[in-house]
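Have a look at the structure below, then the notes.
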2 protein chains.
Amino acid sequence: VPSSEQLAALGEFLAIPSVSLEGGAPMRAAAEWVAARLPNGRVVDDVALGELPGPPDAPTILVYGHYDVQPVGDTSEWTTPPFRASVRDDRVYARGATDDKGPVFVALETARAFGDAPPLTVKFLIEGEEEIGSPSLPGFLRAHADELGADLVVSADGAMWRPSEPSVPVAAKGLLALDIEVGGPASDLHSGRHGGAIQNPNHALAEILASLHSGGRVAVPGFYDGVRDVDVGDVPFDEAEYLASVGVPEPFGEPGYSTLERLWTRPTLEVNGLHGGGDFTVIPRRASAHVTCRLVPGQDPDAVFAAIERHVTAPPGVTVRVTAQPGAVPAYELPTDHVAVRAAVAALRHAYPDAEPLLVRIGGTLPAAVVFERELGLKTLLFSFSTADENLHAPDEFFRLERIDAGIAAWSELWRRLSDMMRG
Amino acid sequence: VPSSEQLAALGEFLAIPSVSLEGGAPMRAAAEWVAARLPNGRVVDDVALGELPGPPDAPTILVYGHYDVQPVGDTSEWTTPPFRASVRDDRVYARGATDDKGPVFVALETARAFGDAPPLTVKFLIEGEEEIGSPSLPGFLRAHADELGADLVVSADGAMWRPSEPSVPVAAKGLLALDIEVGGPASDLHSGRHGGAIQNPNHALAEILASLHSGGRVAVPGFYDGVRDVDVGDVPFDEAEYLASVGVPEPFGEPGYSTLERLWTRPTLEVNGLHGGGDFTVIPRRASAHVTCRLVPGQDPDAVFAAIERHVTAPPGVTVRVTAQPGAVPAYELPTDHVAVRAAVAALRHAYPDAEPLLVRIGGTLPAAVVFERELGLKTLLFSFSTADENLHAPDEFFRLERIDAGIAAWSELWRRLSDMMRG
């Protein structure tokens, strides 16, 4: 169990409403809070940096995480206010508790536990734009490449896929976000006076969106180009338990694949948001949808966007615009025999002696891993103590308190292992 | 042109934010404002009543209108604030200017013009719930049937269908409003972590909505039961001008019917509002649509609702609920040879000597006309000086100032004609 000092500190961190989509003063406050707890901490361009020097011949790792959080959505759907940390049932509830303030806190506490004698040199980079696609990260890495030099990135972002077994992610999906906007009449019209004579943008949007899937499969020609089947290995997976955990009566997805394969290895196209008109008698002048695709190895984000753009055509009487959001990222993979994966497995065995760590793939996206590889030539080990069921991006987001002690134990062992294994 | 006293008074009326969907103090304030300008005006249960006694043997009419208005929607789409009357280009802009405060104002001014010597007895009933379906009107009419006794209702609600010729509506469509709600997972989910494995309510809703139409026709089996073809007569209609006025490049609707027939005689099913999730990476736990059907003579609202409910079935993995809003109304028709129609045509010829009045049908709904017939056994003449192009239910709603003088002239002549024609 975490100490009361730890709980108080984490509570302070969680109380800062650092919603990157909204920006403002809380972003800087969260960066300063992180920097104050880091060894040699400082804030540069709203990024919290730190450094803990190790033995001269030891390897160097760069610890990555983010202090920004998702918007809270409808606060009435939260049991307690999203920016007041609330402990219930050995969990701490707050926006950002598991994505990514709790896991970042584990890394900060690990550094404190080693004091001034860590087994390797540890640099820290905790950014504040992850939830909006890390637009400044590539430029920041280029500008600070020398001081950020390392042998490996260890990310406190990502998530263990379930609470029962420790796991090491060896792949994360890529992300392509886009908007589909249907334009109709010059102004909102009375649906009684004009209905039936002109195309309604809501109808056109429904028709377009319905055409994107067929029988659980993405129906956009070319969408699956380059996608290969991936063996998920011998991973225990209880489908009924999964369905109960998300609260749906039955699975639904691409025919020919198991639920686990769909989650881990298959690309997706999800309509996240629908908006048009209102609850009154109107034919709206526009209707729009926000869409995100999760991409797997072999898919090129630009090619997928082009395929969608080709497929989405305007029904009669309306215009349609498809706009890609900047910052699309391809999928990320780490070879399963990479030294970092082996060190992580050993560290998890140390922290969880009764469970064999699993190698897993995650459906979420880690743009940072792609950026670190491209900008600094570094592979990234995903070593988060978040768990995928902790209401990420949803109301009542939480973080299991037991993950703090276990996380510190595993991170400490990871640093020792990496010190040994990367030196030789 | 209206006098400055008239403009000031109308401006006062328009400044009252009497949005019935929102309710509150402005409703009472608007009712009081109307009552203060009415002969023998008073407010009973938020309805403004008045009475102007005519000669003992003259007929009695009951003037109907409403002081409530639609919500304003996104105020950023208004050129000037919706509750500040703004005169530009001989029009007054404000929410409610044409629906229905301007036309009600015409009726109020007509009574003032006759002073205490009207050609017939005129009672007034100006209600405040028209935009939410007049839920209290039937009970109010029953409770006050004696004092509201009359020979005909004359409605200041409704609209001339275009500014170029005066017109008398002889039919109005009925209305059926319903909501379609799709329920998915127990809570909003991260679309990266769960996408592809479960049904997304946004996808299911799009599929359902796309199934409601096919090639411009409503695709719900049974929807058109009882609908008969109606001859719209020899009415000049410039389709290109109509399309330009609403700002769409081409018409779209039911095959086999002209644009005018679609507008006047064909039933419609319009998706007014779409809502699900947001512009972030979520699979929402619910998605919903607001739908209204405009019904024509021969259609039964209950039967149409039942047909839609039968047709809307849940895709795999989600639940669907279809809920009818209370207050559905059938279509309304007035025989074209009714004395009220003949009097109205004569009155319009008087006010507009250079144009022959047209008999038209309107796409909007007048629940009040159906209610007056059912509760008091009275036919309703629609005699509004609103025009259908005046941005009803939309941003920048306006009312043509010339309609005030022309309206008073026509209303005055109508009262004289009805006094003659209904006496004999």
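Each chain in the structure tokens gets a letter, A, B, ..., in the order shown, and its residues are numbered from 1; ligands are numbered from 1 in order too.
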
Residues within 12 Å of Gly139 of chain B, only C-alpha atoms, excluding chain neighbours under 6 positions, as a ChimeraX atom specification: /B:45,145,371-372,374-376

Please write the residues from the selection above to a file, keeping N, CA and C atoms, as an mmCIF file, in the first residue's frame.
```
data_model
loop_
_atom_site.group_PDB
_atom_site.id
_atom_site.type_symbol
_atom_site.label_atom_id
_atom_site.label_comp_id
_atom_site.auth_asym_id
_atom_site.auth_seq_id
_atom_site.Cartn_x
_atom_site.Cartn_y
_atom_site.Cartn_z
ATOM 1 N N ASP B 45 -53.876 30.700 -16.873
ATOM 2 C CA ASP B 45 -52.993 29.546 -17.065
ATOM 3 C C ASP B 45 -51.955 29.782 -18.168
ATOM 4 N N ALA B 145 -64.736 26.106 -22.634
ATOM 5 C CA ALA B 145 -65.502 25.963 -23.878
ATOM 6 C C ALA B 145 -66.590 27.034 -23.996
ATOM 7 N N VAL B 371 -56.911 20.406 -32.873
ATOM 8 C CA VAL B 371 -57.468 20.466 -31.516
ATOM 9 C C VAL B 371 -58.773 21.265 -31.486
ATOM 10 N N PHE B 372 -58.818 22.398 -32.185
ATOM 11 C CA PHE B 372 -60.048 23.206 -32.204
ATOM 12 C C PHE B 372 -61.204 22.408 -32.803
ATOM 13 N N ARG B 374 -61.521 19.129 -32.823
ATOM 14 C CA ARG B 374 -61.901 18.041 -31.929
ATOM 15 C C ARG B 374 -62.594 18.552 -30.674
ATOM 16 N N GLU B 375 -62.055 19.624 -30.079
ATOM 17 C CA GLU B 375 -62.569 20.066 -28.774
ATOM 18 C C GLU B 375 -63.763 21.011 -28.886
ATOM 19 N N LEU B 376 -63.752 21.882 -29.896
ATOM 20 C CA LEU B 376 -64.830 22.883 -29.987
ATOM 21 C C LEU B 376 -65.689 22.703 -31.233
#
```

Check: which chain A residues lie within 6 Å of chain B using only C-alpha atoms, as a VMD selection string: chain A and resid 185 to 186 188 190 192 to 193 196 to 199 206 to 207 209 to 210 246 to 248 250 to 253 259 262 268 272 to 279 281 to 283 290 317 363 to 364 393 to 394

Shell of 6 Å around segment 60-66 of chain B, only C-alpha atoms, local chain residues under 6 positions omitted, as a list in words: Asp100, Val104, Leu120, Thr121, Val122, Lys123, Phe124, Leu125, Ile126, Glu127, Gly128, Ala150, Asp151, Leu152, Val153, Val154, Ser155, Ala156 and Asp157 of chain B

Distance in Å - atom CA of Thr79 of chain B versus atom CA of Val19 of chain B: 19.2 Å

Nearest candidate to Ala369 of chain A (options A:Glu22, A:Leu137, A:Pro103, A:Phe398; using only C-alpha atoms):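 The shortest atom-to-atom distance to Ala369 of chain A comes from A:Leu137.
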
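In this model, the gap between atom CA of His350 of chain A and atom CA of Pro118 of chain A comes to 17.9 Å.
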
Segment 119-160 of chain B: residues DSSP assigns to strand (DSSP E or B), reported as a PyMOL selection string: chain B and resi 121-127+152-155+160

Who sits within 10 Å of Met27 of chain A, only C-alpha atoms, same chain under 6 positions skipped, as a list in words: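 Using only C-alpha atoms, the neighbours found are Ile16, Pro17, Ser18, Val19, Ser20, Trp33, Asp46, Val47, Tyr67, Asp68, Val69, Glu127, Gly128 and Glu129 of chain A.
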
Length of the atom CA of Ala219 of chain B to atom CA of Ala307 of chain B vector [Å]: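 For atom CA of Ala219 of chain B relative to atom CA of Ala307 of chain B, the distance reads 10.5 Å.
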
Near-Glu5 of chain A list (12 Å; only C-alpha atoms; drop same-chain fewer than 6 positions) as an MDAnalysis selection string: chainID A and resid 11:12 109

Can I get the selection written as a short mmCIF file (atom, residue, chain, number, x, y, z; two decimals), in the first residue's frame, with C-alpha atoms?
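New file result03.cif:
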```
data_model
loop_
_atom_site.label_atom_id
_atom_site.label_comp_id
_atom_site.auth_asym_id
_atom_site.auth_seq_id
_atom_site.Cartn_x
_atom_site.Cartn_y
_atom_site.Cartn_z
CA GLY A 11 -3.72 13.48 -5.07
CA GLU A 12 -2.06 16.84 -5.69
CA GLU A 109 8.81 7.19 -6.98
#
```

Non-local contacts of Ala406 of chain B (9 Å; only C-alpha atoms; under 6 positions in same chain excluded) as a ChimeraX atom specification: /B:348,351-352,385

Residues within 7 Å of segment 42-44 of chain B, only C-alpha atoms, excluding chain neighbours under 6 positions, as number ranges by chain: B: 31-32, 35, 50

Selection export as a CSV table (one decimal), in the first residue's frame, atoms kept: N, CA and C atoms:
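Writing done, so here's result_33.csv:
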```
chain,number,residue,atom,x,y,z
B,31,ALA,N,-46.9,36.4,-22.1
B,31,ALA,CA,-48.3,36.3,-22.0
B,31,ALA,C,-48.9,37.6,-21.5
B,32,GLU,N,-48.3,38.2,-20.4
B,32,GLU,CA,-48.7,39.5,-19.9
B,32,GLU,C,-48.6,40.6,-20.9
B,35,ALA,N,-51.5,40.2,-23.3
B,35,ALA,CA,-52.8,40.5,-22.6
B,35,ALA,C,-53.0,42.0,-22.5
B,50,GLY,N,-58.6,37.5,-24.7
B,50,GLY,CA,-59.1,38.9,-24.9
B,50,GLY,C,-60.5,38.8,-25.6
```

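Among the residues of segment 208-283 of chain A, backbone DSSP assigns helix (DSSP H, G or I) to A:Ile208, A:Leu209, A:Ala210, A:Glu239, A:Ala240, A:Glu241, A:Tyr242, A:Leu243, A:Ala244, A:Ser245, A:Val246, A:Thr259, A:Leu260, A:Glu261, A:Arg262, A:Leu263, A:Trp264, A:Thr265.
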